[in-house]
>>> print(open('query.tsv').read())   # TSV, C-alpha atoms and all ligand atoms
chain	number	residue	atom	x	y	z
P	1	MET	CA	75.41	69.52	59.71
P	2	ASN	CA	72.04	70.99	60.65
P	3	TYR	CA	71.75	74.25	58.79
P	4	PHE	CA	69.48	76.97	60.13
P	5	GLU	CA	66.60	77.40	57.67
P	6	PRO	CA	66.36	80.65	55.68
P	7	PHE	CA	63.12	82.56	56.09
P	8	ASN	CA	61.36	85.77	55.05
P	9	THR	CA	59.59	88.32	57.19
P	10	TYR	CA	57.13	90.83	55.73
P	11	ILE	CA	56.80	94.35	57.03
P	12	ASP	CA	53.75	96.34	55.99
P	13	PHE	CA	55.00	99.91	55.54
P	14	ASP	CA	51.53	101.39	56.12
P	15	GLU	CA	50.14	99.25	58.91
P	16	PHE	CA	53.51	98.45	60.56
P	17	THR	CA	52.68	94.78	60.91
P	18	TYR	CA	55.41	92.16	61.02
P	19	GLU	CA	54.62	88.75	59.59
P	20	PRO	CA	55.31	86.26	61.09
P	21	GLU	CA	54.99	88.50	64.09
P	22	GLY	CA	57.70	86.76	66.16
P	23	GLU	CA	57.96	87.44	69.86
P	24	VAL	CA	56.12	90.67	70.67
P	25	ILE	CA	57.33	92.58	73.69
P	26	LEU	CA	55.40	95.52	75.10
P	27	ARG	CA	56.97	98.20	77.24
P	28	ASN	CA	54.36	99.99	79.28
P	29	LEU	CA	55.03	103.07	81.37
P	30	SER	CA	55.13	100.86	84.49
P	31	ASN	CA	58.12	98.99	83.01
P	32	MET	CA	60.17	102.18	82.85
P	33	ASP	CA	58.43	104.70	85.14
P	34	TYR	CA	61.66	105.47	87.00
P	35	MET	CA	63.32	106.59	83.74
P	36	TYR	CA	61.23	109.73	83.31
P	37	GLN	CA	62.18	113.06	84.87
P	38	ASP	CA	58.73	114.21	85.94
P	39	GLN	CA	57.60	111.70	88.56
P	40	GLU	CA	54.39	113.61	89.20
P	41	ALA	CA	53.45	113.20	85.54
P	42	VAL	CA	54.39	109.51	85.79
P	43	ASN	CA	52.05	109.04	88.75
P	44	ASP	CA	49.22	110.77	86.89
P	45	LYS	CA	49.56	108.34	83.98
P	46	LEU	CA	50.31	105.11	85.81
P	47	SER	CA	46.68	104.12	86.28
P	48	GLU	CA	46.25	104.24	82.52
P	49	ASP	CA	49.72	102.64	82.05
P	50	PRO	CA	50.13	103.43	78.32
P	51	VAL	CA	52.23	101.27	76.02
P	52	ILE	CA	55.30	103.42	75.29
P	53	TYR	CA	56.75	101.08	72.68
P	54	LYS	CA	56.66	97.53	71.43
P	55	PHE	CA	58.95	95.37	69.37
P	56	HIS	CA	58.79	92.23	67.28
P	57	THR	CA	61.79	89.91	67.38
P	58	ALA	CA	62.30	87.12	64.89
P	59	ASP	CA	63.26	83.79	66.44
P	60	ILE	CA	67.00	83.69	65.75
P	61	PRO	CA	69.69	82.15	67.97
P	62	GLU	CA	71.61	84.56	70.19
P	63	GLU	CA	74.85	83.25	68.77
P	64	GLU	CA	77.83	84.61	66.91
P	65	GLY	CA	77.35	84.40	63.16
P	66	HIS	CA	73.62	85.08	63.26
P	67	LEU	CA	72.02	88.47	62.68
P	68	ARG	CA	69.15	89.13	65.05
P	69	HIS	CA	66.63	91.67	63.86
P	70	VAL	CA	63.73	93.51	65.31
P	71	MET	CA	61.02	95.96	64.30
P	72	SER	CA	60.25	98.53	66.98
P	73	ILE	CA	57.33	100.94	67.24
P	74	ILE	CA	57.54	103.88	69.64
P	75	TYR	CA	54.14	105.50	70.01
P	76	PRO	CA	53.79	109.28	70.00
P	77	GLY	CA	53.37	110.88	73.39
P	78	LYS	CA	55.02	112.52	76.38
P	79	ILE	CA	55.34	112.02	80.10
P	80	GLY	CA	55.31	115.58	81.33
P	81	ASN	CA	57.60	117.32	78.81
P	82	GLU	CA	59.62	114.23	78.01
P	83	PHE	CA	58.94	112.30	74.84
P	84	TYR	CA	58.16	108.59	74.72
P	85	MET	CA	61.42	106.68	74.26
P	86	THR	CA	62.99	103.26	74.51
P	87	LYS	CA	64.75	102.17	77.70
P	88	GLY	CA	68.12	102.28	75.96
P	89	HIS	CA	70.97	99.85	76.40
P	90	TYR	CA	74.59	98.99	75.86
P	91	HIS	CA	75.36	95.62	74.34
P	92	GLU	CA	76.52	92.93	76.70
P	93	GLU	CA	79.21	92.13	74.14
P	94	GLU	CA	80.34	95.73	73.99
P	95	ASP	CA	82.25	95.52	70.70
P	96	THR	CA	79.14	94.81	68.63
P	97	ALA	CA	77.39	97.33	66.40
P	98	GLU	CA	73.82	97.79	65.21
P	99	VAL	CA	71.92	99.44	62.35
P	100	TYR	CA	68.54	101.19	62.67
P	101	PHE	CA	66.55	101.75	59.48
P	102	THR	CA	63.64	104.14	60.00
P	103	ILE	CA	60.38	103.17	58.32
P	104	ASN	CA	58.03	105.83	59.66
P	105	GLY	CA	57.87	108.92	61.81
P	106	LYS	CA	60.65	111.04	63.21
P	107	GLY	CA	62.80	111.09	66.25
P	108	LYS	CA	66.27	111.03	67.67
P	109	LEU	CA	68.81	108.28	68.09
P	110	LEU	CA	70.66	109.24	71.26
P	111	MET	CA	74.01	107.52	71.76
P	112	GLN	CA	76.51	107.65	74.60
P	113	SER	CA	80.06	106.33	74.58
P	114	PRO	CA	81.74	104.77	77.62
P	115	ASP	CA	83.66	108.11	77.90
P	116	GLN	CA	80.30	109.89	78.28
P	117	ASP	CA	80.41	111.49	74.83
P	118	ILE	CA	76.95	112.07	73.38
P	119	LYS	CA	76.02	111.81	69.72
P	120	ILE	CA	72.54	112.33	68.35
P	121	LEU	CA	71.36	111.25	64.91
P	122	GLU	CA	68.07	112.31	63.38
P	123	MET	CA	65.66	109.49	62.65
P	124	LYS	CA	63.23	109.94	59.80
P	125	LYS	CA	61.72	107.73	57.12
P	126	GLY	CA	64.66	106.34	55.13
P	127	SER	CA	67.44	107.12	57.60
P	128	VAL	CA	69.90	104.33	58.29
P	129	GLY	CA	71.59	105.09	61.59
P	130	TYR	CA	74.82	103.32	62.40
P	131	ILE	CA	75.48	102.56	66.05
P	132	PRO	CA	79.17	101.66	66.29
P	133	PRO	CA	80.50	99.20	68.87
P	134	TYR	CA	80.51	100.39	72.52
P	135	TRP	CA	77.84	103.12	72.19
P	136	ALA	CA	74.68	102.95	74.30
P	137	HIS	CA	71.58	103.71	72.25
P	138	ARG	CA	68.08	104.98	72.90
P	139	CYS	CA	65.41	106.16	70.45
P	140	ILE	CA	63.02	109.00	71.16
P	141	ASN	CA	59.83	109.72	69.23
P	142	THR	CA	59.66	113.51	68.81
P	143	GLY	CA	56.83	113.43	66.27
P	144	ASP	CA	53.08	112.93	66.37
P	145	GLU	CA	52.95	109.54	64.65
P	146	PRO	CA	54.50	106.17	65.45
P	147	LEU	CA	58.29	106.06	65.07
P	148	VAL	CA	58.92	102.69	63.41
P	149	PHE	CA	62.38	101.29	62.75
P	150	PHE	CA	64.04	98.03	61.85
P	151	GLY	CA	67.22	97.08	63.71
P	152	VAL	CA	69.86	94.47	62.89
P	153	TYR	CA	72.59	93.38	65.32
P	154	PRO	CA	74.98	90.45	65.84
P	155	GLY	CA	73.43	87.40	67.48
P	156	GLU	CA	75.82	87.44	70.41
P	157	ALA	CA	75.35	91.17	71.22
P	158	GLY	CA	72.92	90.82	74.14
P	159	HIS	CA	71.53	93.77	76.10
P	160	ASN	CA	72.99	95.60	79.05
P	161	TYR	CA	70.44	97.96	80.62
P	162	GLY	CA	72.30	98.13	83.94
P	163	ILE	CA	73.96	101.53	83.99
P	164	ILE	CA	71.12	103.22	82.14
P	165	GLU	CA	68.55	101.79	84.53
P	166	LYS	CA	70.46	103.32	87.44
P	167	LYS	CA	71.45	106.72	86.06
P	168	GLY	CA	69.67	107.16	82.74
P	169	MET	CA	71.60	108.79	79.92
P	170	LYS	CA	73.48	112.06	80.15
P	171	LYS	CA	70.96	113.96	78.01
P	172	VAL	CA	67.16	114.03	77.94
P	173	VAL	CA	64.91	115.04	75.05
P	174	LEU	CA	62.02	117.31	75.97
P	175	GLU	CA	59.43	119.56	74.42
P	176	LYS	CA	59.51	123.17	75.52
P	177	GLU	CA	57.25	125.83	73.99
P	178	GLY	CA	56.62	123.58	71.01
P	179	GLU	CA	60.33	122.98	70.35
P	180	VAL	CA	62.32	119.77	70.70
P	181	ILE	CA	65.06	120.46	73.24
P	182	VAL	CA	68.04	118.32	74.28
P	183	GLU	CA	69.08	119.05	77.85
P	184	LYS	CA	71.47	117.73	80.44
P	185	ASN	CA	69.83	115.07	82.58
P	186	PRO	CA	69.63	116.66	86.06
P	187	ASN	CA	69.70	113.21	87.68
P	188	TYR	CA	72.82	112.02	85.88
Q	1	FE	FE	71.11	97.36	70.59
>>> encode(input="query.tsv", output="structure tokens", more="lines below")
Ligand SMILES: [Fe+2]
Amino acid sequence: MNYFEPFNTYIDFDEFTYEPEGEVILRNLSNMDYMYQDQEAVNDKLSEDPVIYKFHTADIPEEEGHLRHVMSIIYPGKIGNEFYMTKGHYHEEEDTAEVYFTINGKGKLLMQSPDQDIKILEMKKGSVGYIPPYWAHRCINTGDEPLVFFGVYPGEAGHNYGIIEKKGMKKVVLEKEGEVIVEKNPNY
């Protein structure tokens, strides 16, 4: 039998580097412009097209039995009143879970069940958020430094952005008068 070779990855907890860096995927505003509420603010920022977040994925088979893992960095910032966030997804294999370990910064882990229930966990350095099977998940950086977290999920999980790309999630996370506010998504 050909056994998959064990390997180490090194995360620098100050610089947020990932070594070996794996596949690096950038999500600019133009990759998710339709997901923000304030389309005027989107248009103002599109010429600059900021990187909203990036992630490093180790090269691991997308197969049952493996544990894929990823380090994500959401930069601090807002589009209008809405904080920088990940696109959010369900898993293609819906009955698979995930764990997010926060390394730096603060934010919210917004989850939505297939019955439209919403749960929000705080993300801060040291938090280990558990995303049970079936829940969609999105992370939002509500702080003023990079929100960095390490995620682990079953190899076969896959990503399903479909419903979220069309409707978003039921709640949005905004800043109003200096406060972090969770509101109903008017477009949902
Ligand atoms: Fe996931």
>>> residues_near_ligand(input="query.tsv", ligand="ligand FE 1 (chain Q)", cutoff="7 Å", atoms="only C-alpha atoms and all ligand atoms", output="list in words")
His89, Tyr90, His91, Glu98, His137, Tyr153 and His159 of chain P
>>> atom_distance(input="query.tsv", atom1="CA of Tyr75 (chain P)", atom2="CA of His56 (chain P)")
14.3 Å
>>> residues_around(input="query.tsv", residues="region 37-40 of chain P", least_positions_apart="5", cutoff="8 Å", atoms="all atoms listed in the file", output="list in words")
Ile79, Gly80, Asn81 and Glu82 of chain P
>>> atom_distance(input="query.tsv", atom1="CA of Cys139 (chain P)", atom2="CA of Met85 (chain P)")
5.5 Å
>>> residues_around(input="query.tsv", residues="Leu147 (chain P)", least_positions_apart="6", cutoff="10 Å", atoms="all atoms listed in the file", output="list in words")
Tyr53, Ser72, Ile73, Ile74, Tyr75, Pro76, Tyr84, Met85, Thr102, Ile103, Asn104, Gly105, Lys106, Gly107, Lys108, Met123, Lys124, Lys125, Cys139, Ile140 and Asn141 of chain P
>>> closest_residue(input="query.tsv", among="P:Ala136, P:Asn31, P:Lys87, P:Val42", to="Ile120 (chain P)", atoms="all atoms listed in the file")
P:Ala136
>>> residues_around(input="query.tsv", residues="Thr96 (chain P)", least_positions_apart="6", cutoff="9 Å", atoms="only C-alpha atoms", output="ChimeraX atom specification")
/P:131-134,153-154,156-157
>>> atom_distance(input="query.tsv", atom1="CA of Tyr10 (chain P)", atom2="CA of His69 (chain P)")
12.5 Å
>>> closest_residue(input="query.tsv", among="P:Gln116, P:Lys78, P:Gly126, P:Gly158", to="Glu93 (chain P)", atoms="only C-alpha atoms")
P:Gly158
>>> closest_residue(input="query.tsv", among="P:Asn2, P:Asn187, P:Ser113, P:Thr57", to="Gly151 (chain P)", atoms="all atoms listed in the file")
P:Thr57
>>> closest_residue(input="query.tsv", among="P:Asp95, P:Ser30, P:Ile164, P:Ile118", to="Glu183 (chain P)", atoms="all atoms listed in the file")
P:Ile118
>>> closest_residue(input="query.tsv", among="P:Phe13, P:Phe83, P:Tyr36, P:Phe55", to="Leu174 (chain P)", atoms="all atoms listed in the file")
P:Phe83
>>> closest_residue(input="query.tsv", among="P:Lys171, P:Val148, P:Ile52, P:Asn185", to="Ile11 (chain P)", atoms="only C-alpha atoms")
P:Val148
>>> residues_around(input="query.tsv", residues="Val152 (chain P)", least_positions_apart="6", cutoff="10 Å", atoms="only C-alpha atoms", output="PyMOL selection string")
chain P and resi 67-71+97-101
>>> write_last_selection(input="query.tsv", atoms="C-alpha atoms", output="short mmCIF file (atom, residue, chain, number, x, y, z; two decimals), in the coordinates of the input")
data_model
loop_
_atom_site.label_atom_id
_atom_site.label_comp_id
_atom_site.auth_asym_id
_atom_site.auth_seq_id
_atom_site.Cartn_x
_atom_site.Cartn_y
_atom_site.Cartn_z
CA LEU P 67 72.02 88.47 62.68
CA ARG P 68 69.15 89.13 65.05
CA HIS P 69 66.63 91.67 63.86
CA VAL P 70 63.73 93.51 65.31
CA MET P 71 61.02 95.96 64.30
CA ALA P 97 77.39 97.33 66.40
CA GLU P 98 73.82 97.79 65.21
CA VAL P 99 71.92 99.44 62.35
CA TYR P 100 68.54 101.19 62.67
CA PHE P 101 66.55 101.75 59.48
#
>>> build_atoms(input="query.tsv", residues="region 32-64 of chain P", atoms="N, CA and C atoms", output="mmCIF file, in the frame of the given file")
data_model
loop_
_atom_site.group_PDB
_atom_site.id
_atom_site.type_symbol
_atom_site.label_atom_id
_atom_site.label_comp_id
_atom_site.auth_asym_id
_atom_site.auth_seq_id
_atom_site.Cartn_x
_atom_site.Cartn_y
_atom_site.Cartn_z
ATOM 1 N N MET P 32 59.053 101.237 82.937
ATOM 2 C CA MET P 32 60.170 102.180 82.850
ATOM 3 C C MET P 32 59.819 103.514 83.518
ATOM 4 N N ASP P 33 58.920 103.460 84.498
ATOM 5 C CA ASP P 33 58.430 104.700 85.140
ATOM 6 C C ASP P 33 59.559 105.506 85.777
ATOM 7 N N TYR P 34 60.542 104.812 86.313
ATOM 8 C CA TYR P 34 61.660 105.470 87.000
ATOM 9 C C TYR P 34 62.607 106.188 86.031
ATOM 10 N N MET P 35 62.404 105.985 84.720
ATOM 11 C CA MET P 35 63.320 106.590 83.740
ATOM 12 C C MET P 35 62.904 107.992 83.331
ATOM 13 N N TYR P 36 61.693 108.397 83.713
ATOM 14 C CA TYR P 36 61.230 109.730 83.310
ATOM 15 C C TYR P 36 61.522 110.757 84.402
ATOM 16 N N GLN P 37 61.773 111.990 83.953
ATOM 17 C CA GLN P 37 62.180 113.060 84.870
ATOM 18 C C GLN P 37 61.045 113.476 85.797
ATOM 19 N N ASP P 38 59.853 113.596 85.230
ATOM 20 C CA ASP P 38 58.730 114.210 85.940
ATOM 21 C C ASP P 38 57.915 113.105 86.627
ATOM 22 N N GLN P 39 58.245 112.822 87.871
ATOM 23 C CA GLN P 39 57.600 111.700 88.560
ATOM 24 C C GLN P 39 56.138 111.988 88.900
ATOM 25 N N GLU P 40 55.795 113.258 88.989
ATOM 26 C CA GLU P 40 54.390 113.610 89.200
ATOM 27 C C GLU P 40 53.562 113.228 87.963
ATOM 28 N N ALA P 41 54.114 113.554 86.798
ATOM 29 C CA ALA P 41 53.450 113.200 85.540
ATOM 30 C C ALA P 41 53.361 111.678 85.387
ATOM 31 N N VAL P 42 54.395 110.976 85.827
ATOM 32 C CA VAL P 42 54.390 109.510 85.790
ATOM 33 C C VAL P 42 53.218 109.000 86.635
ATOM 34 N N ASN P 43 53.114 109.507 87.850
ATOM 35 C CA ASN P 43 52.050 109.040 88.750
ATOM 36 C C ASN P 43 50.662 109.303 88.190
ATOM 37 N N ASP P 44 50.515 110.450 87.507
ATOM 38 C CA ASP P 44 49.220 110.770 86.890
ATOM 39 C C ASP P 44 48.839 109.753 85.819
ATOM 40 N N LYS P 45 49.841 109.206 85.129
ATOM 41 C CA LYS P 45 49.560 108.340 83.980
ATOM 42 C C LYS P 45 49.627 106.858 84.320
ATOM 43 N N LEU P 46 50.080 106.534 85.512
ATOM 44 C CA LEU P 46 50.310 105.110 85.810
ATOM 45 C C LEU P 46 49.034 104.281 85.839
ATOM 46 N N SER P 47 47.921 104.896 86.232
ATOM 47 C CA SER P 47 46.680 104.120 86.280
ATOM 48 C C SER P 47 46.265 103.686 84.873
ATOM 49 N N GLU P 48 46.558 104.544 83.923
ATOM 50 C CA GLU P 48 46.250 104.240 82.520
ATOM 51 C C GLU P 48 47.343 103.341 81.921
ATOM 52 N N ASP P 49 48.553 103.444 82.427
ATOM 53 C CA ASP P 49 49.720 102.640 82.050
ATOM 54 C C ASP P 49 49.861 102.451 80.530
ATOM 55 N N PRO P 50 50.061 103.544 79.792
ATOM 56 C CA PRO P 50 50.130 103.430 78.320
ATOM 57 C C PRO P 50 51.297 102.580 77.844
ATOM 58 N N VAL P 51 51.108 101.959 76.677
ATOM 59 C CA VAL P 51 52.230 101.270 76.020
ATOM 60 C C VAL P 51 53.106 102.372 75.415
ATOM 61 N N ILE P 52 54.353 102.421 75.812
ATOM 62 C CA ILE P 52 55.300 103.420 75.290
ATOM 63 C C ILE P 52 55.858 102.919 73.952
ATOM 64 N N TYR P 53 56.262 101.655 73.933
ATOM 65 C CA TYR P 53 56.750 101.080 72.680
ATOM 66 C C TYR P 53 56.568 99.573 72.687
ATOM 67 N N LYS P 54 56.674 98.993 71.510
ATOM 68 C CA LYS P 54 56.660 97.530 71.430
ATOM 69 C C LYS P 54 57.644 97.103 70.361
ATOM 70 N N PHE P 55 58.079 95.864 70.429
ATOM 71 C CA PHE P 55 58.950 95.370 69.370
ATOM 72 C C PHE P 55 58.685 93.907 69.051
ATOM 73 N N HIS P 56 58.958 93.589 67.803
ATOM 74 C CA HIS P 56 58.790 92.230 67.280
ATOM 75 C C HIS P 56 60.187 91.671 67.027
ATOM 76 N N THR P 57 60.480 90.531 67.606
ATOM 77 C CA THR P 57 61.790 89.910 67.380
ATOM 78 C C THR P 57 61.618 88.586 66.675
ATOM 79 N N ALA P 58 62.306 88.414 65.571
ATOM 80 C CA ALA P 58 62.300 87.120 64.890
ATOM 81 C C ALA P 58 63.059 86.096 65.746
ATOM 82 N N ASP P 59 62.692 84.845 65.605
ATOM 83 C CA ASP P 59 63.260 83.790 66.440
ATOM 84 C C ASP P 59 64.601 83.330 65.839
ATOM 85 N N ILE P 60 65.660 83.967 66.275
ATOM 86 C CA ILE P 60 67.000 83.690 65.750
ATOM 87 C C ILE P 60 67.931 83.446 66.933
ATOM 88 N N PRO P 61 68.808 82.452 66.837
ATOM 89 C CA PRO P 61 69.690 82.150 67.970
ATOM 90 C C PRO P 61 70.549 83.344 68.383
ATOM 91 N N GLU P 62 70.731 83.487 69.684
ATOM 92 C CA GLU P 62 71.610 84.560 70.190
ATOM 93 C C GLU P 62 73.038 84.041 70.168
ATOM 94 N N GLU P 63 73.529 83.844 68.958
ATOM 95 C CA GLU P 63 74.850 83.250 68.770
ATOM 96 C C GLU P 63 75.623 84.015 67.716
ATOM 97 N N GLU P 64 76.934 84.006 67.889
ATOM 98 C CA GLU P 64 77.830 84.610 66.910
ATOM 99 C C GLU P 64 77.560 84.029 65.532
#
